[in-house]
Amino acid sequence: MEYLKTRTIMTKSDQGNRWFGIDYHMNLYKGCTFGCIYCDSRCESYHIENFDKIKVKENALEILEEELKSKKLKGVVSFGTLSDPYNPLEEELELTRNALKLIAKYGFGASIDTKSDLILRDIDVLQEISERNSVIIKISITSFDDELARKIEPNVISSTRR
């Protein structure tokens, strides 16, 4: 497993009108193993070498907690803008789950983009967040035909399962 040094986890959304209800963006991981042929995160403009290898941001939860404590205005934090927060490493590391717990603790909302059913593991924390703020969950389904979807998204669970 490769760790990346980082100084910040959350960034303010630069969209003037709260793009999709999101105030902050966050990625705990860098890279993705899903191999979707349409993925724009693979674009060279993002300068992510070896995008197919997931890297973990070092001390991510400690940095995130400091950032959440320092924000005067609560808002919705987006997970998965460049990397799926429920990648294969998440099952073991639980960074996304623990980040959600911090978001609940500090009264923020969460917006999650994923192609994984591992999100079901975190329903309890998402329900806790929803008692005080917004929870937005976006699960993409490229095709109802599982064989076609497997060609387009070779390492993702089936559309039927999603």
# chains A, B, ... in the order shown; residues from 1 in each chain; ligands from 1
>>> residues_around(residues="stretch 109-116 of chain A", least_positions_apart="4", cutoff="6 Å", atoms="only C-alpha atoms", output="list in words")
Gly75, Val76, Val77, Ser78, Phe79, Gly80, Asp84, Tyr86, Asn133, Ser134, Val135, Ile136, Ile137, Lys138, Ile139 and Ser140 of chain A
>>> write_last_selection(atoms="C-alpha atoms", output="CSV table (one decimal), in the first residue's frame")
chain,number,residue,atom,x,y,z
A,75,GLY,CA,-21.8,22.5,4.8
A,76,VAL,CA,-22.0,19.3,2.6
A,77,VAL,CA,-18.8,17.5,2.0
A,78,SER,CA,-18.5,15.5,-1.2
A,79,PHE,CA,-16.8,12.1,-1.3
A,80,GLY,CA,-15.7,10.5,-4.5
A,84,ASP,CA,-14.5,6.1,-5.5
A,86,TYR,CA,-15.7,2.6,-1.5
A,133,ASN,CA,-27.8,17.9,7.7
A,134,SER,CA,-28.1,16.7,4.1
A,135,VAL,CA,-27.1,13.2,2.8
A,136,ILE,CA,-26.9,12.9,-0.9
A,137,ILE,CA,-26.0,9.5,-2.4
A,138,LYS,CA,-25.3,9.0,-6.1
A,139,ILE,CA,-24.8,5.5,-7.5
A,140,SER,CA,-24.2,5.4,-11.2
>>> select_by_dssp(residues="chain A", states="strand (DSSP E or B)", output="list in words")
Glu2, Tyr3, Leu4, Met10, Thr11, Lys12, Tyr24, His25, Met26, Tyr29, Lys30, Lys55, Val56, Lys57, Val76, Val77, Ser78, Phe79, Gly109, Ala110, Ser111, Ile112, Asp113, Thr114, Val135, Ile136, Ile137, Lys138 and Ile139 of chain A
>>> write_last_selection(atoms="N, CA, C and O atoms", output="mmCIF file, in the first residue's frame")
data_model
loop_
_atom_site.group_PDB
_atom_site.id
_atom_site.type_symbol
_atom_site.label_atom_id
_atom_site.label_comp_id
_atom_site.auth_asym_id
_atom_site.auth_seq_id
_atom_site.Cartn_x
_atom_site.Cartn_y
_atom_site.Cartn_z
ATOM 1 N N GLU A 2 0.545 2.181 -0.838
ATOM 2 C CA GLU A 2 1.330 3.407 -0.944
ATOM 3 C C GLU A 2 0.587 4.557 -0.261
ATOM 4 O O GLU A 2 -0.618 4.735 -0.451
ATOM 5 N N TYR A 3 1.333 5.309 0.545
ATOM 6 C CA TYR A 3 0.765 6.468 1.235
ATOM 7 C C TYR A 3 1.276 7.747 0.593
ATOM 8 O O TYR A 3 2.419 7.825 0.167
ATOM 9 N N LEU A 4 0.409 8.746 0.544
ATOM 10 C CA LEU A 4 0.762 10.055 0.001
ATOM 11 C C LEU A 4 0.758 11.079 1.120
ATOM 12 O O LEU A 4 -0.182 11.132 1.912
ATOM 13 N N MET A 10 -9.873 18.625 2.712
ATOM 14 C CA MET A 10 -11.064 19.284 2.171
ATOM 15 C C MET A 10 -10.681 20.532 1.399
ATOM 16 O O MET A 10 -9.804 21.272 1.809
ATOM 17 N N THR A 11 -11.387 20.740 0.284
ATOM 18 C CA THR A 11 -11.239 21.997 -0.445
ATOM 19 C C THR A 11 -12.626 22.598 -0.642
ATOM 20 O O THR A 11 -13.606 21.869 -0.826
ATOM 21 N N LYS A 12 -12.688 23.906 -0.583
ATOM 22 C CA LYS A 12 -13.956 24.614 -0.784
ATOM 23 C C LYS A 12 -14.392 24.439 -2.234
ATOM 24 O O LYS A 12 -13.581 24.538 -3.145
ATOM 25 N N TYR A 24 -17.957 21.477 -0.002
ATOM 26 C CA TYR A 24 -16.549 21.076 0.076
ATOM 27 C C TYR A 24 -16.339 19.766 -0.697
ATOM 28 O O TYR A 24 -17.242 18.936 -0.771
ATOM 29 N N HIS A 25 -15.143 19.594 -1.234
ATOM 30 C CA HIS A 25 -14.753 18.354 -1.900
ATOM 31 C C HIS A 25 -13.687 17.665 -1.061
ATOM 32 O O HIS A 25 -12.876 18.336 -0.413
ATOM 33 N N MET A 26 -13.681 16.333 -1.099
ATOM 34 C CA MET A 26 -12.703 15.595 -0.321
ATOM 35 C C MET A 26 -12.423 14.259 -1.000
ATOM 36 O O MET A 26 -13.338 13.600 -1.485
ATOM 37 N N TYR A 29 -8.630 8.922 -0.839
ATOM 38 C CA TYR A 29 -7.816 8.039 -1.662
ATOM 39 C C TYR A 29 -7.486 8.760 -2.969
ATOM 40 O O TYR A 29 -8.179 9.684 -3.364
ATOM 41 N N LYS A 30 -6.456 8.276 -3.635
ATOM 42 C CA LYS A 30 -6.118 8.796 -4.954
ATOM 43 C C LYS A 30 -5.950 7.590 -5.868
ATOM 44 O O LYS A 30 -5.200 6.670 -5.556
ATOM 45 N N LYS A 55 -3.883 4.908 -3.914
ATOM 46 C CA LYS A 55 -2.948 5.420 -2.909
ATOM 47 C C LYS A 55 -3.776 6.042 -1.780
ATOM 48 O O LYS A 55 -4.853 6.573 -2.014
ATOM 49 N N VAL A 56 -3.256 5.943 -0.575
ATOM 50 C CA VAL A 56 -3.964 6.414 0.606
ATOM 51 C C VAL A 56 -3.315 7.705 1.099
ATOM 52 O O VAL A 56 -2.097 7.789 1.185
ATOM 53 N N LYS A 57 -4.122 8.681 1.423
ATOM 54 C CA LYS A 57 -3.589 9.939 1.943
ATOM 55 C C LYS A 57 -3.221 9.754 3.423
ATOM 56 O O LYS A 57 -4.059 9.388 4.243
ATOM 57 N N VAL A 76 -22.003 20.712 3.148
ATOM 58 C CA VAL A 76 -22.021 19.344 2.640
ATOM 59 C C VAL A 76 -20.652 19.026 2.043
ATOM 60 O O VAL A 76 -20.153 19.772 1.203
ATOM 61 N N VAL A 77 -20.081 17.918 2.488
ATOM 62 C CA VAL A 77 -18.770 17.470 2.034
ATOM 63 C C VAL A 77 -18.960 16.346 1.026
ATOM 64 O O VAL A 77 -19.622 15.350 1.306
ATOM 65 N N SER A 78 -18.364 16.515 -0.142
ATOM 66 C CA SER A 78 -18.491 15.534 -1.221
ATOM 67 C C SER A 78 -17.351 14.514 -1.178
ATOM 68 O O SER A 78 -16.183 14.883 -1.129
ATOM 69 N N PHE A 79 -17.703 13.248 -1.201
ATOM 70 C CA PHE A 79 -16.759 12.133 -1.293
ATOM 71 C C PHE A 79 -16.818 11.594 -2.716
ATOM 72 O O PHE A 79 -17.903 11.437 -3.276
ATOM 73 N N GLY A 109 -22.826 17.788 6.399
ATOM 74 C CA GLY A 109 -23.563 16.857 5.567
ATOM 75 C C GLY A 109 -22.595 16.093 4.677
ATOM 76 O O GLY A 109 -21.403 16.399 4.624
ATOM 77 N N ALA A 110 -23.116 15.098 3.962
ATOM 78 C CA ALA A 110 -22.269 14.275 3.100
ATOM 79 C C ALA A 110 -22.943 14.040 1.755
ATOM 80 O O ALA A 110 -24.152 13.844 1.672
ATOM 81 N N SER A 111 -22.122 14.067 0.725
ATOM 82 C CA SER A 111 -22.543 13.719 -0.628
ATOM 83 C C SER A 111 -21.560 12.664 -1.124
ATOM 84 O O SER A 111 -20.348 12.880 -1.083
ATOM 85 N N ILE A 112 -22.081 11.528 -1.576
ATOM 86 C CA ILE A 112 -21.221 10.410 -1.948
ATOM 87 C C ILE A 112 -21.533 9.948 -3.358
ATOM 88 O O ILE A 112 -22.686 9.686 -3.698
ATOM 89 N N ASP A 113 -20.463 9.843 -4.173
ATOM 90 C CA ASP A 113 -20.539 9.241 -5.500
ATOM 91 C C ASP A 113 -19.858 7.891 -5.405
ATOM 92 O O ASP A 113 -18.684 7.821 -5.015
ATOM 93 N N THR A 114 -20.551 6.814 -5.765
ATOM 94 C CA THR A 114 -19.948 5.491 -5.686
ATOM 95 C C THR A 114 -20.572 4.532 -6.691
ATOM 96 O O THR A 114 -21.664 4.773 -7.200
ATOM 97 N N VAL A 135 -27.812 14.415 3.311
ATOM 98 C CA VAL A 135 -27.083 13.247 2.823
ATOM 99 C C VAL A 135 -27.536 13.029 1.387
ATOM 100 O O VAL A 135 -28.729 12.875 1.116
ATOM 101 N N ILE A 136 -26.581 13.061 0.473
ATOM 102 C CA ILE A 136 -26.856 12.866 -0.950
ATOM 103 C C ILE A 136 -26.040 11.662 -1.398
ATOM 104 O O ILE A 136 -24.820 11.650 -1.237
ATOM 105 N N ILE A 137 -26.705 10.655 -1.942
ATOM 106 C CA ILE A 137 -26.003 9.457 -2.407
ATOM 107 C C ILE A 137 -26.285 9.286 -3.894
ATOM 108 O O ILE A 137 -27.442 9.263 -4.317
ATOM 109 N N LYS A 138 -25.188 9.201 -4.664
ATOM 110 C CA LYS A 138 -25.308 9.043 -6.115
ATOM 111 C C LYS A 138 -24.609 7.742 -6.514
ATOM 112 O O LYS A 138 -23.407 7.630 -6.341
ATOM 113 N N ILE A 139 -25.385 6.802 -7.026
ATOM 114 C CA ILE A 139 -24.846 5.530 -7.490
ATOM 115 C C ILE A 139 -25.076 5.465 -8.995
ATOM 116 O O ILE A 139 -26.219 5.505 -9.449
#
>>> residues_around(residues="A:Asn98", least_positions_apart="5", cutoff="10 Å", atoms="only C-alpha atoms", output="number ranges by chain")
A: 61, 93, 103-104, 122, 125
>>> write_last_selection(atoms="C-alpha atoms", output="compact mmCIF listing (two decimals), in the first residue's frame")
# COMPACT_ATOMS: atom_id res chain seq x y z
CA LEU A 61 -8.52 11.44 9.37
CA LEU A 93 -9.07 0.58 6.14
CA ILE A 103 -18.67 14.60 9.63
CA ALA A 104 -21.53 13.49 11.87
CA ASP A 122 -22.33 2.78 6.57
CA VAL A 125 -23.63 6.73 10.14
>>> closest_residue(among="A:Asp117, A:Glu147, A:Glu58, A:Asp124", to="A:Thr8", atoms="only C-alpha atoms")
A:Glu58
>>> residues_around(residues="A:Asp146", least_positions_apart="5", cutoff="9 Å", atoms="only C-alpha atoms", output="list in words")
Lys151, Ser158, Ser159 and Thr160 of chain A
>>> write_last_selection(atoms="C-alpha atoms", output="CSV table (one decimal), in the first residue's frame")
chain,number,residue,atom,x,y,z
A,151,LYS,CA,-17.1,-4.2,-20.7
A,158,SER,CA,-22.8,-5.7,-11.6
A,159,SER,CA,-25.5,-3.2,-12.4
A,160,THR,CA,-28.1,-5.7,-11.1
>>> closest_residue(among="A:Thr96, A:Ser83, A:Gln127, A:Ser70", to="A:Phe34", atoms="only C-alpha atoms")
A:Ser83
>>> closest_residue(among="A:Glu90, A:Thr81, A:Asn27, A:Lys5", to="A:Leu64", atoms="only C-alpha atoms")
A:Asn27
>>> select_by_dssp(residues="chain A", states="alpha helix (DSSP H)", output="PyMOL selection string")
chain A and resi 60-70+90-93+95-105+123-130+146-152
>>> closest_residue(among="A:Leu118, A:Lys71, A:Thr33, A:Phe108", to="A:Glu92", atoms="only C-alpha atoms")
A:Leu118
>>> atom_distance(atom1="atom CA of A:Ile37", atom2="atom CA of A:Arg161")
19.9 Å
>>> closest_residue(among="A:Ile9, A:Ile157, A:Ala149, A:Ile129", to="A:Tyr38", atoms="only C-alpha atoms")
A:Ala149
>>> closest_residue(among="A:Glu49, A:Asp14, A:Glu153, A:Glu91", to="A:Ile119", atoms="only C-alpha atoms")
A:Glu91
>>> decode(residues="stretch 150-161 of chain A", atoms="all heavy atoms", output="compact mmCIF listing (two decimals), in the first residue's frame")
# COMPACT_ATOMS: atom_id res chain seq x y z
N ARG A 150 -20.08 -4.71 -17.80
CA ARG A 150 -18.79 -5.32 -17.47
C ARG A 150 -17.70 -4.91 -18.47
O ARG A 150 -16.54 -4.76 -18.12
CB ARG A 150 -18.92 -6.83 -17.40
CG ARG A 150 -17.76 -7.52 -16.72
CD ARG A 150 -17.96 -9.01 -16.46
NE ARG A 150 -19.23 -9.61 -16.76
CZ ARG A 150 -20.30 -9.68 -15.94
NH1 ARG A 150 -20.23 -9.13 -14.75
NH2 ARG A 150 -21.41 -10.27 -16.29
N LYS A 151 -18.09 -4.68 -19.72
CA LYS A 151 -17.14 -4.22 -20.73
C LYS A 151 -16.76 -2.74 -20.51
O LYS A 151 -15.64 -2.35 -20.74
CB LYS A 151 -17.72 -4.39 -22.14
CG LYS A 151 -17.87 -5.85 -22.53
CD LYS A 151 -18.57 -5.98 -23.87
CE LYS A 151 -18.79 -7.45 -24.19
NZ LYS A 151 -19.62 -7.63 -25.37
N ILE A 152 -17.73 -1.96 -20.08
CA ILE A 152 -17.53 -0.53 -19.89
C ILE A 152 -16.86 -0.25 -18.54
O ILE A 152 -16.04 0.65 -18.42
CB ILE A 152 -18.87 0.22 -19.98
CG1 ILE A 152 -19.46 0.04 -21.38
CG2 ILE A 152 -18.72 1.69 -19.66
CD1 ILE A 152 -20.90 0.52 -21.50
N GLU A 153 -17.25 -1.03 -17.54
CA GLU A 153 -16.74 -0.88 -16.16
C GLU A 153 -16.25 -2.25 -15.69
O GLU A 153 -16.92 -2.93 -14.92
CB GLU A 153 -17.85 -0.41 -15.22
CG GLU A 153 -18.57 0.82 -15.68
CD GLU A 153 -19.88 1.06 -14.93
OE1 GLU A 153 -20.59 0.09 -14.59
OE2 GLU A 153 -20.18 2.22 -14.69
N PRO A 154 -15.07 -2.68 -16.13
CA PRO A 154 -14.65 -4.07 -15.93
C PRO A 154 -14.46 -4.53 -14.49
O PRO A 154 -14.58 -5.73 -14.21
CB PRO A 154 -13.32 -4.16 -16.69
CG PRO A 154 -12.86 -2.76 -16.85
CD PRO A 154 -14.08 -1.90 -16.88
N ASN A 155 -14.20 -3.66 -13.57
CA ASN A 155 -13.91 -4.09 -12.20
C ASN A 155 -14.91 -3.59 -11.17
O ASN A 155 -14.59 -3.41 -10.00
CB ASN A 155 -12.50 -3.62 -11.81
CG ASN A 155 -11.46 -4.12 -12.78
OD1 ASN A 155 -11.47 -5.27 -13.19
ND2 ASN A 155 -10.55 -3.24 -13.19
N VAL A 156 -16.14 -3.36 -11.62
CA VAL A 156 -17.20 -2.84 -10.76
C VAL A 156 -18.23 -3.95 -10.56
O VAL A 156 -18.41 -4.81 -11.42
CB VAL A 156 -17.86 -1.61 -11.44
CG1 VAL A 156 -18.96 -1.03 -10.56
CG2 VAL A 156 -16.83 -0.54 -11.76
N ILE A 157 -18.91 -3.92 -9.41
CA ILE A 157 -19.98 -4.90 -9.21
C ILE A 157 -21.05 -4.72 -10.29
O ILE A 157 -21.16 -3.65 -10.89
CB ILE A 157 -20.61 -4.79 -7.79
CG1 ILE A 157 -21.27 -3.42 -7.58
CG2 ILE A 157 -19.59 -5.08 -6.72
CD1 ILE A 157 -22.12 -3.34 -6.35
N SER A 158 -21.83 -5.73 -10.51
CA SER A 158 -22.81 -5.69 -11.59
C SER A 158 -23.86 -4.60 -11.36
O SER A 158 -24.15 -4.21 -10.22
CB SER A 158 -23.51 -7.04 -11.71
OG SER A 158 -24.36 -7.25 -10.60
N SER A 159 -24.45 -4.14 -12.46
CA SER A 159 -25.53 -3.17 -12.38
C SER A 159 -26.69 -3.75 -11.59
O SER A 159 -27.33 -3.04 -10.81
CB SER A 159 -25.99 -2.76 -13.78
OG SER A 159 -24.96 -2.10 -14.47
N THR A 160 -26.96 -5.02 -11.79
CA THR A 160 -28.06 -5.69 -11.07
C THR A 160 -27.83 -5.60 -9.57
O THR A 160 -28.75 -5.29 -8.81
CB THR A 160 -28.16 -7.17 -11.50
OG1 THR A 160 -28.39 -7.23 -12.91
CG2 THR A 160 -29.27 -7.88 -10.78
N ARG A 161 -26.62 -5.83 -9.14
CA ARG A 161 -26.30 -5.78 -7.71
C ARG A 161 -26.40 -4.35 -7.18
O ARG A 161 -26.86 -4.13 -6.06
CB ARG A 161 -24.90 -6.32 -7.48
CG ARG A 161 -24.59 -6.58 -6.03
CD ARG A 161 -23.42 -7.50 -5.92
NE ARG A 161 -22.74 -7.27 -4.67
CZ ARG A 161 -21.53 -7.68 -4.40
NH1 ARG A 161 -20.84 -8.35 -5.30
NH2 ARG A 161 -20.99 -7.43 -3.23
